[in-house]
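Student: Can you keep this structure in mind? I'll have questions shortly.
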Amino acid sequence: MTSLHHFFHPKVVAVVGASRNKDRLGHVLFRHILNSDFRGTVYPVNPSAQSVAAVRAYPSLRDVPEPVDLAVLVVPASQVLSVIDDVIAAGIKHVMILSSGFSDMDKPGEELEREISEKLRAAGCRLIGPNSLGLIQMDSETRLNASFAPKVPEYGHVAIASHSGALGITILDYAAYIGLGVASFVSLGNRADVSGNDLLQYWGDDPAIEMILLYLESFGNPRNFSRLARRITRQKPILAVKSARTPVGHDVANVRTVSVAAEDATVEAMFQQAGVIRVDTLQELFDVAVLLKAGPTRGGRRVAVVTNTAGGAVMTVDRIVREGLEFVGPVINVGFEALAESYREVLPQVLRDPSVDSVIVLFTPVGPSNEEAVRVAISAALCEVANDPPVPGGRHPYEKPVVANFLTTGDYRVRMLEVDSERQIPIYPFPEQAVRALAKVVAYHEYREKDPGVIPFVDGIDTDLARTRMYQEISATSYRGEENVQGLVMLDWPAVREVLAAIGLDTADAPNAQAEEQASFNIVVETDPLFGPLLRLYLSSEERGAAALRRSAKTLPTVRLLPLTDADARELWSDALLNSASSRMKPHEDVVIDAMIRMSQWVEDVPEIVEADLYFVIEGDRAVCVAGRVEVARRNG
């Protein structure tokens with residue numbers, strides 16, 4: 001996305017509001033640019049000063065002697081509109097507003113933000129902010145810290161976007177402490193123009209970026225996010241902390257972001273479909289990031305534990321099972337004698353075991369010199385297996401992830417053990433952190449390795465006929481004055497049957513006499529105000545007949561965003577089958593998936609459908625819809 005290029009690689013930057021007063025934010029930001037060894041030219045803009053920090057100042061952007069790539073505004077909100085006129089007059093195409101007091105404050109501020117955005121958009125200018133805490137670009141050709149962050153990480157290959165400026169600075173501080181190299185950082189602020197999706201597209205296409213970290217409070221365009229993430233996560237991981245997961249959290253976030261809260265289960269489904277690694281906390285964000293950065297590993301679910309403490313092993317094995325990993329027993333306890341030598345001897349054997357995919361190393365020190373000796377022993381063990389010959393059809397021992405937990409006192413942040421120039425081992429302060437990070441990375445590797453699927457073509461679907469029949473019903477209902485106040489129409493059952501026939505689904509007037517004993521399922525399509533059309537699947541179990549399934553239809557939902565790929569449909573089936581604990585439905589996978597795919601294509605081709613709630617029974621080798629409702633809206637225009 002070339003329209004963002006000069007945010008990250010400007011040659012000339014102007015800081016409007018650069019002050020001579022060291023306590024003013026404009027001075028702080030200008031100093032940060034100077035101190036970051038910026039490779040371009042930076043101009044302070046201040047009508048009341050001849051110079052700032054010994055750099056000649058200019059009264060306005062119109063007076064800067066060369067074309068400006070990026071204008072950074074640090075002036076009161078009431079002055080921003082007049083500065084925007086200077087931006088446009090000077091032909092500047094990239095603007096970042098750090099000032100607050102816009103939609104983050106009140107209704108007048110929201111109106112001011114809208115006016116500024118419209119002016120910039122009409123002039124072809126891109127905007128980060130307002131209410132941003134700035135951006136950082138650390139590559140050797142740029143070296144720009146145009147933010148309020150006092151501490152900047154070393155250059156690396158990680159990009160970070162944060163909806164919260166203050167938390168973003170905390171993220172940068174932690175990244176610097178643990179040595180997670182950062183290429184780009186953006187505090188998005190109010191997102192009046194540049195959004196998280198814009199950054200995803202830019203960083204996804206940037207070969208220098210190997211990992212993307214996101215702190216999200218809401219979504220602007222979730223469908224676009226999902227589309228971008230599906231493409232990017234096949235090449236590089238995206239980690240996301242999605243806050244505002246509870247109603248109270250939503251309320252707090254909405255005060256700040258004025259956004260519509262989305263159902264958390266829907267967010268989870270979108271992340272799962274798109275391969276985004278979702279974490280619950282900032283701590284977990286970095287726990288996972290350092291493991292992904294640790295080297296060329298391929299995680300698997302079969303986990304072995306090497307330890308010198310039985311107590312820590314019990315906690316670890318319990319967490320392994322709870323995270324859905326498979327414990328490869330028994331626990332290998334090296335005891336307390338000759339600790340370093342024991343780890344050095346045992347670890348290569350465990351890594352070479354073909355039944356082991358990943359290894360967790362636990363260590364409790366018993367003497368002042370034990371820890372360093374054990375670190376050296378673990379590193380030597382990895383170096384040894386690095387020289388092993390290839391393993392046909394299996395994981396090479398060196399490729400297997402190794403995570404460690406050293407139960408020491410003092411600093412409780414993750415540390416890194418250097419093995420060689422390509423490989424590190426994360427050492428976590430608590431065993432639960434190590435296991436959870438490993439589980440997230442294993443799930444991501446599984447996503448990368450599985451078939452992404454395609455949106456299938458299904459015979460026997462005539463969406464034009466289905467739309468025509470729906471519009472006949474809409475017209476008749478409108479003529480009778482039976483539309484509801486939202487202009488929505490509920491199709492009667494004869495019309496539903498005709499529409500379903502047009503997309504190749506069988507129907508009947510009612511279930512037969514044995515319906516309570518038949519295998520059955522329920523498909524619900526609904527339109528989320530943010531995420532668009534969703535599909536939910538419910539399967540009957542041995543304990544539930546047809547009527548009972550309908551009564552409990554909202555208790556165990558599985559959901560995916562539309563359109564469904566064939567892989568999405570298979571996963572949705574598997575999740576629903578697990579939820580229902582049903583053996584009755586197992587033989588009918590193909591029938592149920594066919595019904596889901598047909599409904600997905602129908603809803604994708606006929607966006608007038610607002611909701612469809614259909615109940616099917618299995619008769620022989622076919623699914624028959626015996627009840628349900630379809631609600632549609634008149635197409636605009």
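To be explicit about the labels: the chains of the structure tokens are called A, B, and onward in the order shown, and within each one the residues are counted from 1, while ligands get numbers from 1 in the order they are shown.
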Which residues, written as an MDAnalysis selection string, have at least one atom at most 12 Å from Ala122 of chain A, with only C-alpha atoms counted and residues fewer than 3 positions away on the same chain left out?
Tutor: chainID A and resid 84:85 88 93 115:119 125:126
Student: List as a list in words the protein and nucleic acid residues near Asp590 of chain A, meaning an atom at most 12 Å away when only C-alpha atoms are counted, but skip any in the same chain fewer than 4 places from it.
Tutor: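 The neighbour list is Asp566, Ala569, Arg570, Trp573, Ser574, Met585, Lys586, Asp594, Ala595, Met596, Ile597, Ile618, Asp621, Arg622 and Ala623 of chain A.
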Student: Residues of the last selection are to be written out with N, CA and C atoms, as an mmCIF file, in the first residue's frame.
Tutor:
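Saved to selection-v9.cif:
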data_model
loop_
_atom_site.group_PDB
_atom_site.id
_atom_site.type_symbol
_atom_site.label_atom_id
_atom_site.label_comp_id
_atom_site.auth_asym_id
_atom_site.auth_seq_id
_atom_site.Cartn_x
_atom_site.Cartn_y
_atom_site.Cartn_z
ATOM 1 N N ASP A 566 -14.621 -24.983 1.861
ATOM 2 C CA ASP A 566 -14.906 -26.368 2.224
ATOM 3 C C ASP A 566 -14.188 -26.739 3.520
ATOM 4 N N ALA A 569 -16.279 -25.418 6.419
ATOM 5 C CA ALA A 569 -17.455 -26.268 6.637
ATOM 6 C C ALA A 569 -17.084 -27.533 7.396
ATOM 7 N N ARG A 570 -15.936 -28.146 7.049
ATOM 8 C CA ARG A 570 -15.504 -29.351 7.753
ATOM 9 C C ARG A 570 -15.192 -29.053 9.215
ATOM 10 N N TRP A 573 -18.428 -28.491 11.117
ATOM 11 C CA TRP A 573 -19.024 -29.800 11.390
ATOM 12 C C TRP A 573 -18.330 -30.470 12.579
ATOM 13 N N SER A 574 -17.013 -30.484 12.574
ATOM 14 C CA SER A 574 -16.266 -31.142 13.653
ATOM 15 C C SER A 574 -16.546 -30.494 14.992
ATOM 16 N N MET A 585 -25.191 -38.505 14.577
ATOM 17 C CA MET A 585 -24.980 -37.636 13.423
ATOM 18 C C MET A 585 -23.743 -37.994 12.616
ATOM 19 N N LYS A 586 -22.829 -38.787 13.151
ATOM 20 C CA LYS A 586 -21.542 -39.038 12.494
ATOM 21 C C LYS A 586 -21.658 -39.525 11.060
ATOM 22 N N ASP A 594 -23.029 -30.320 2.836
ATOM 23 C CA ASP A 594 -23.654 -29.868 1.591
ATOM 24 C C ASP A 594 -24.713 -28.807 1.875
ATOM 25 N N ALA A 595 -25.516 -29.017 2.925
ATOM 26 C CA ALA A 595 -26.555 -28.035 3.269
ATOM 27 C C ALA A 595 -25.924 -26.705 3.680
ATOM 28 N N MET A 596 -24.835 -26.764 4.462
ATOM 29 C CA MET A 596 -24.168 -25.531 4.890
ATOM 30 C C MET A 596 -23.580 -24.777 3.700
ATOM 31 N N ILE A 597 -22.927 -25.494 2.798
ATOM 32 C CA ILE A 597 -22.308 -24.848 1.640
ATOM 33 C C ILE A 597 -23.369 -24.193 0.754
ATOM 34 N N ILE A 618 -32.772 -35.914 9.016
ATOM 35 C CA ILE A 618 -32.101 -36.802 8.074
ATOM 36 C C ILE A 618 -33.055 -37.925 7.685
ATOM 37 N N ASP A 621 -30.344 -40.779 2.847
ATOM 38 C CA ASP A 621 -29.085 -40.103 2.538
ATOM 39 C C ASP A 621 -29.310 -38.640 2.172
ATOM 40 N N ARG A 622 -30.395 -38.044 2.676
ATOM 41 C CA ARG A 622 -30.657 -36.646 2.356
ATOM 42 C C ARG A 622 -31.139 -35.892 3.589
ATOM 43 N N ALA A 623 -30.935 -34.579 3.544
ATOM 44 C CA ALA A 623 -31.433 -33.698 4.593
ATOM 45 C C ALA A 623 -32.719 -33.040 4.102
#
Student: Counting only C-alpha atoms, which residue out of A:Ser3, A:Lys236, A:Val52, A:Ala508 sits closest to Gly124 of chain A?
Tutor: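 Counting only C-alpha atoms, the residue closest to Gly124 of chain A is A:Ser3.
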Student: Can you work out which one of A:Met599, A:Ser48, A:Ile425, A:Pro153 has the shortest atom-to-atom distance to Asn21 of chain A, counting only C-alpha atoms?
Tutor: A:Ser48
Student: Separation of atom CA of Pro401 of chain A and atom CA of Ser358 of chain A, in Å?
Tutor: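 Straight-line distance from atom CA of Pro401 of chain A to atom CA of Ser358 of chain A works out to 5.0 Å.
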Student: What lies within 12 Å of Leu127 of chain A using only C-alpha atoms, ignoring chain neighbours under 2 positions off, as a PyMOL selection string?
Tutor: chain A and resi 3-4+6-7+70-73+84+87+92-98+113-114+116-121+123-125+129-132+134+188-195+198
Student: Got a sec to tell me which of segment 187-390 of chain A DSSP assigns to helix (DSSP H, G or I), as number ranges by chain?
Tutor: A: 196-204, 222-232, 247-257, 264-274, 282-292, 310-322, 339-352, 370-386
Student: Using only C-alpha atoms, which of the listed residues (A:Glu473, A:Asp63, A:Asp459, A:Glu446) sits closest to Leu491 of chain A?
Tutor: A:Glu473
Student: May I ask which of the residues A:Arg395, A:Val610, A:Asp451, A:Thr527 is the closest one to Met490 of chain A, counting only C-alpha atoms?
Tutor: A:Val610
Student: Enumerate the residues of segment 356-494 of chain A with a DSSP assignment of strand (DSSP E or B), computed from the backbone, and present them as a ChimeraX atom specification.
Tutor: /A:358-363,402-406,415-418,424-428,488-490
Student: So that I can see what lies close to Leu112 of chain A, please list as a ChimeraX atom specification the residues with an atom at most 12 Å from it, counting only C-alpha atoms and leaving out residues fewer than 6 positions away in the same chain.
Tutor: /A:77-82,84,100-106,118-119,130,192
Student: Need the shell around Lys242 of chain A: protein/DNA/RNA residues with any atom at most 9 Å away, counting only C-alpha atoms. Skip same-chain ones fewer than 6 positions apart. Format as a ChimeraX atom specification?
Tutor: /A:214-218,267,278-281
Student: With all heavy atoms retained, export the selected residues as a PDB file, in the first residue's frame.
Tutor:
ATOM      1  N   LEU A 214      -0.872  -6.954  17.518  1.00  0.00           N
ATOM      2  CA  LEU A 214      -1.979  -6.001  17.547  1.00  0.00           C
ATOM      3  C   LEU A 214      -2.592  -5.937  18.935  1.00  0.00           C
ATOM      4  O   LEU A 214      -2.860  -6.979  19.545  1.00  0.00           O
ATOM      5  CB  LEU A 214      -3.072  -6.412  16.550  1.00  0.00           C
ATOM      6  CG  LEU A 214      -2.667  -6.646  15.091  1.00  0.00           C
ATOM      7  CD1 LEU A 214      -3.846  -7.195  14.309  1.00  0.00           C
ATOM      8  CD2 LEU A 214      -2.160  -5.363  14.461  1.00  0.00           C
ATOM      9  N   TYR A 215      -2.838  -4.712  19.424  1.00  0.00           N
ATOM     10  CA  TYR A 215      -3.697  -4.529  20.589  1.00  0.00           C
ATOM     11  C   TYR A 215      -4.973  -3.858  20.083  1.00  0.00           C
ATOM     12  O   TYR A 215      -4.954  -2.714  19.610  1.00  0.00           O
ATOM     13  CB  TYR A 215      -3.035  -3.663  21.665  1.00  0.00           C
ATOM     14  CG  TYR A 215      -4.002  -3.356  22.796  1.00  0.00           C
ATOM     15  CD1 TYR A 215      -4.250  -4.300  23.786  1.00  0.00           C
ATOM     16  CD2 TYR A 215      -4.712  -2.157  22.821  1.00  0.00           C
ATOM     17  CE1 TYR A 215      -5.172  -4.040  24.789  1.00  0.00           C
ATOM     18  CE2 TYR A 215      -5.629  -1.895  23.823  1.00  0.00           C
ATOM     19  CZ  TYR A 215      -5.861  -2.837  24.802  1.00  0.00           C
ATOM     20  OH  TYR A 215      -6.787  -2.590  25.790  1.00  0.00           O
ATOM     21  N   LEU A 216      -6.094  -4.590  20.146  1.00  0.00           N
ATOM     22  CA  LEU A 216      -7.355  -4.137  19.560  1.00  0.00           C
ATOM     23  C   LEU A 216      -8.402  -3.922  20.637  1.00  0.00           C
ATOM     24  O   LEU A 216      -8.521  -4.706  21.563  1.00  0.00           O
ATOM     25  CB  LEU A 216      -7.882  -5.185  18.571  1.00  0.00           C
ATOM     26  CG  LEU A 216      -6.937  -5.641  17.460  1.00  0.00           C
ATOM     27  CD1 LEU A 216      -7.578  -6.783  16.679  1.00  0.00           C
ATOM     28  CD2 LEU A 216      -6.611  -4.488  16.530  1.00  0.00           C
ATOM     29  N   GLU A 217      -9.184  -2.870  20.472  1.00  0.00           N
ATOM     30  CA  GLU A 217     -10.351  -2.660  21.329  1.00  0.00           C
ATOM     31  C   GLU A 217     -11.649  -2.813  20.549  1.00  0.00           C
ATOM     32  O   GLU A 217     -12.695  -3.053  21.135  1.00  0.00           O
ATOM     33  CB  GLU A 217     -10.278  -1.277  21.988  1.00  0.00           C
ATOM     34  CG  GLU A 217      -9.151  -1.171  23.023  1.00  0.00           C
ATOM     35  CD  GLU A 217      -9.023   0.219  23.599  1.00  0.00           C
ATOM     36  OE1 GLU A 217      -9.667   1.149  23.061  1.00  0.00           O
ATOM     37  OE2 GLU A 217      -8.280   0.372  24.580  1.00  0.00           O
ATOM     38  N   SER A 218     -11.585  -2.653  19.246  1.00  0.00           N
ATOM     39  CA  SER A 218     -12.778  -2.780  18.403  1.00  0.00           C
ATOM     40  C   SER A 218     -12.320  -3.003  16.963  1.00  0.00           C
ATOM     41  O   SER A 218     -11.129  -2.941  16.664  1.00  0.00           O
ATOM     42  CB  SER A 218     -13.646  -1.515  18.487  1.00  0.00           C
ATOM     43  OG  SER A 218     -12.912  -0.397  17.997  1.00  0.00           O
ATOM     44  N   VAL A 267     -15.900 -12.953  17.309  1.00  0.00           N
ATOM     45  CA  VAL A 267     -14.495 -12.558  17.180  1.00  0.00           C
ATOM     46  C   VAL A 267     -13.603 -13.789  17.193  1.00  0.00           C
ATOM     47  O   VAL A 267     -12.675 -13.927  16.384  1.00  0.00           O
ATOM     48  CB  VAL A 267     -14.102 -11.593  18.313  1.00  0.00           C
ATOM     49  CG1 VAL A 267     -12.608 -11.282  18.262  1.00  0.00           C
ATOM     50  CG2 VAL A 267     -14.908 -10.306  18.240  1.00  0.00           C
ATOM     51  N   ARG A 278      -4.876 -15.513  18.923  1.00  0.00           N
ATOM     52  CA  ARG A 278      -5.506 -14.638  19.917  1.00  0.00           C
ATOM     53  C   ARG A 278      -4.966 -14.943  21.300  1.00  0.00           C
ATOM     54  O   ARG A 278      -4.897 -16.099  21.704  1.00  0.00           O
ATOM     55  CB  ARG A 278      -7.021 -14.834  19.917  1.00  0.00           C
ATOM     56  CG  ARG A 278      -7.724 -13.846  20.844  1.00  0.00           C
ATOM     57  CD  ARG A 278      -9.214 -14.040  20.864  1.00  0.00           C
ATOM     58  NE  ARG A 278      -9.870 -12.911  21.499  1.00  0.00           N
ATOM     59  CZ  ARG A 278     -11.182 -12.776  21.626  1.00  0.00           C
ATOM     60  NH1 ARG A 278     -11.983 -13.718  21.148  1.00  0.00           N
ATOM     61  NH2 ARG A 278     -11.707 -11.718  22.207  1.00  0.00           N
ATOM     62  N   VAL A 279      -4.592 -13.903  22.027  1.00  0.00           N
ATOM     63  CA  VAL A 279      -4.114 -14.047  23.396  1.00  0.00           C
ATOM     64  C   VAL A 279      -4.951 -13.157  24.296  1.00  0.00           C
ATOM     65  O   VAL A 279      -5.610 -12.222  23.843  1.00  0.00           O
ATOM     66  CB  VAL A 279      -2.619 -13.689  23.516  1.00  0.00           C
ATOM     67  CG1 VAL A 279      -1.766 -14.669  22.715  1.00  0.00           C
ATOM     68  CG2 VAL A 279      -2.351 -12.262  23.055  1.00  0.00           C
ATOM     69  N   ASP A 280      -4.920 -13.456  25.591  1.00  0.00           N
ATOM     70  CA  ASP A 280      -5.786 -12.746  26.534  1.00  0.00           C
ATOM     71  C   ASP A 280      -5.126 -11.542  27.187  1.00  0.00           C
ATOM     72  O   ASP A 280      -5.806 -10.627  27.635  1.00  0.00           O
ATOM     73  CB  ASP A 280      -6.255 -13.713  27.636  1.00  0.00           C
ATOM     74  CG  ASP A 280      -7.163 -14.804  27.096  1.00  0.00           C
ATOM     75  OD1 ASP A 280      -7.889 -14.527  26.128  1.00  0.00           O
ATOM     76  OD2 ASP A 280      -7.149 -15.919  27.641  1.00  0.00           O
ATOM     77  N   THR A 281      -3.795 -11.545  27.281  1.00  0.00           N
ATOM     78  CA  THR A 281      -3.092 -10.490  28.013  1.00  0.00           C
ATOM     79  C   THR A 281      -1.863 -10.031  27.237  1.00  0.00           C
ATOM     80  O   THR A 281      -1.360 -10.736  26.348  1.00  0.00           O
ATOM     81  CB  THR A 281      -2.626 -10.990  29.391  1.00  0.00           C
ATOM     82  OG1 THR A 281      -1.646 -12.032  29.215  1.00  0.00           O
ATOM     83  CG2 THR A 281      -3.802 -11.532  30.208  1.00  0.00           C
TER      84      THR A 281
END
Student: Closest to Ala443 of chain A among A:Val632, A:Ala89, A:Val74, A:Val276, using only C-alpha atoms?
Tutor: A:Val276
Student: Within 10 Å of Ser60 of chain A, counting only C-alpha atoms, which residues qualify if same-chain residues fewer than 2 places away don't, as JSON, numbers by chain?
Tutor: {"A": [14, 16, 17, 44, 45, 46, 47, 57, 58, 62, 63, 64, 83, 86, 87, 90]}
Student: May I have the residues from that selection written out with all heavy atoms, as a compact mmCIF listing (two decimals), in the first residue's frame?
Tutor:
# COMPACT_ATOMS: atom_id res chain seq x y z
N ALA A 14 8.16 17.47 9.46
CA ALA A 14 7.94 18.75 10.12
C ALA A 14 7.10 18.52 11.37
O ALA A 14 6.09 17.81 11.31
CB ALA A 14 7.24 19.73 9.19
N VAL A 16 4.81 20.37 13.90
CA VAL A 16 4.07 21.60 14.15
C VAL A 16 3.69 21.63 15.63
O VAL A 16 2.98 20.73 16.11
CB VAL A 16 2.80 21.68 13.28
CG1 VAL A 16 2.09 23.01 13.50
CG2 VAL A 16 3.16 21.51 11.81
N GLY A 17 4.15 22.65 16.33
CA GLY A 17 3.94 22.71 17.77
C GLY A 17 5.20 22.37 18.55
O GLY A 17 5.16 22.20 19.77
N PRO A 44 11.37 22.05 12.94
CA PRO A 44 10.38 22.50 13.93
C PRO A 44 9.56 23.65 13.35
O PRO A 44 10.11 24.52 12.65
CB PRO A 44 11.25 22.98 15.09
CG PRO A 44 12.55 23.38 14.48
CD PRO A 44 12.73 22.54 13.24
N VAL A 45 8.26 23.61 13.58
CA VAL A 45 7.37 24.68 13.14
C VAL A 45 6.78 25.35 14.36
O VAL A 45 6.04 24.72 15.14
CB VAL A 45 6.26 24.14 12.22
CG1 VAL A 45 5.27 25.24 11.85
CG2 VAL A 45 6.86 23.52 10.96
N ASN A 46 7.14 26.62 14.56
CA ASN A 46 6.70 27.37 15.74
C ASN A 46 6.74 28.84 15.39
O ASN A 46 7.82 29.41 15.17
CB ASN A 46 7.61 27.07 16.93
CG ASN A 46 7.12 27.73 18.21
OD1 ASN A 46 6.48 28.78 18.20
ND2 ASN A 46 7.42 27.09 19.34
N PRO A 47 5.58 29.52 15.31
CA PRO A 47 5.57 30.94 14.91
C PRO A 47 6.18 31.87 15.95
O PRO A 47 6.43 33.05 15.65
CB PRO A 47 4.08 31.23 14.71
CG PRO A 47 3.38 30.22 15.56
CD PRO A 47 4.23 29.00 15.55
N ALA A 57 13.70 27.22 13.38
CA ALA A 57 12.26 26.98 13.31
C ALA A 57 11.64 27.85 12.23
O ALA A 57 12.18 28.89 11.83
CB ALA A 57 11.61 27.28 14.66
N TYR A 58 10.45 27.45 11.78
CA TYR A 58 9.72 28.17 10.74
C TYR A 58 8.31 28.47 11.24
O TYR A 58 7.72 27.68 12.00
CB TYR A 58 9.68 27.34 9.45
CG TYR A 58 11.06 27.16 8.85
CD1 TYR A 58 11.90 26.14 9.27
CD2 TYR A 58 11.53 28.06 7.89
CE1 TYR A 58 13.17 25.99 8.74
CE2 TYR A 58 12.80 27.91 7.34
CZ TYR A 58 13.62 26.88 7.77
OH TYR A 58 14.88 26.75 7.26
N ARG A 62 3.91 26.31 5.42
CA ARG A 62 4.09 26.94 4.11
C ARG A 62 5.50 27.52 3.95
O ARG A 62 5.96 27.74 2.83
CB ARG A 62 3.06 28.05 3.91
CG ARG A 62 1.60 27.58 4.05
CD ARG A 62 0.66 28.77 3.97
NE ARG A 62 -0.68 28.45 4.44
CZ ARG A 62 -1.79 28.63 3.73
NH1 ARG A 62 -1.71 29.10 2.50
NH2 ARG A 62 -2.97 28.33 4.24
N ASP A 63 6.16 27.74 5.10
CA ASP A 63 7.48 28.39 5.07
C ASP A 63 8.64 27.40 5.07
O ASP A 63 9.80 27.80 4.91
CB ASP A 63 7.62 29.33 6.27
CG ASP A 63 6.56 30.41 6.29
OD1 ASP A 63 6.42 31.10 5.27
OD2 ASP A 63 5.87 30.54 7.32
N VAL A 64 8.36 26.12 5.29
CA VAL A 64 9.44 25.12 5.32
C VAL A 64 10.08 25.09 3.93
O VAL A 64 9.37 25.03 2.91
CB VAL A 64 8.88 23.74 5.71
CG1 VAL A 64 9.97 22.67 5.59
CG2 VAL A 64 8.34 23.78 7.13
N VAL A 83 -4.11 24.56 10.94
CA VAL A 83 -2.87 23.91 10.49
C VAL A 83 -3.16 23.00 9.29
O VAL A 83 -2.34 22.89 8.37
CB VAL A 83 -2.22 23.11 11.63
CG1 VAL A 83 -0.98 22.37 11.13
CG2 VAL A 83 -1.84 24.04 12.79
N ASP A 86 -2.79 24.75 6.16
CA ASP A 86 -1.38 24.86 5.76
C ASP A 86 -0.87 23.55 5.17
O ASP A 86 -0.08 23.56 4.21
CB ASP A 86 -0.52 25.24 6.97
CG ASP A 86 -0.80 26.65 7.47
OD1 ASP A 86 -1.34 27.45 6.68
OD2 ASP A 86 -0.48 26.95 8.63
N VAL A 87 -1.31 22.42 5.75
CA VAL A 87 -0.92 21.11 5.22
C VAL A 87 -1.33 20.99 3.76
O VAL A 87 -0.53 20.59 2.88
CB VAL A 87 -1.57 19.97 6.05
CG1 VAL A 87 -1.47 18.63 5.32
CG2 VAL A 87 -0.92 19.87 7.41
N ALA A 90 0.57 23.34 1.42
CA ALA A 90 1.96 22.93 1.20
C ALA A 90 2.07 21.64 0.40
O ALA A 90 3.19 21.19 0.11
CB ALA A 90 2.67 22.78 2.54
Student: Between atom CA of Pro108 of chain A and atom CA of Leu530 of chain A, what is the spacing in Å?
Tutor: 25.6 Å
Student: Which residue is closest to Asp411 of chain A? Choose from A:Asp613, A:Val374, A:Phe531, A:Ile178 and count only C-alpha atoms.
Tutor: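 Counting only C-alpha atoms, the residue closest to Asp411 of chain A is A:Ile178.
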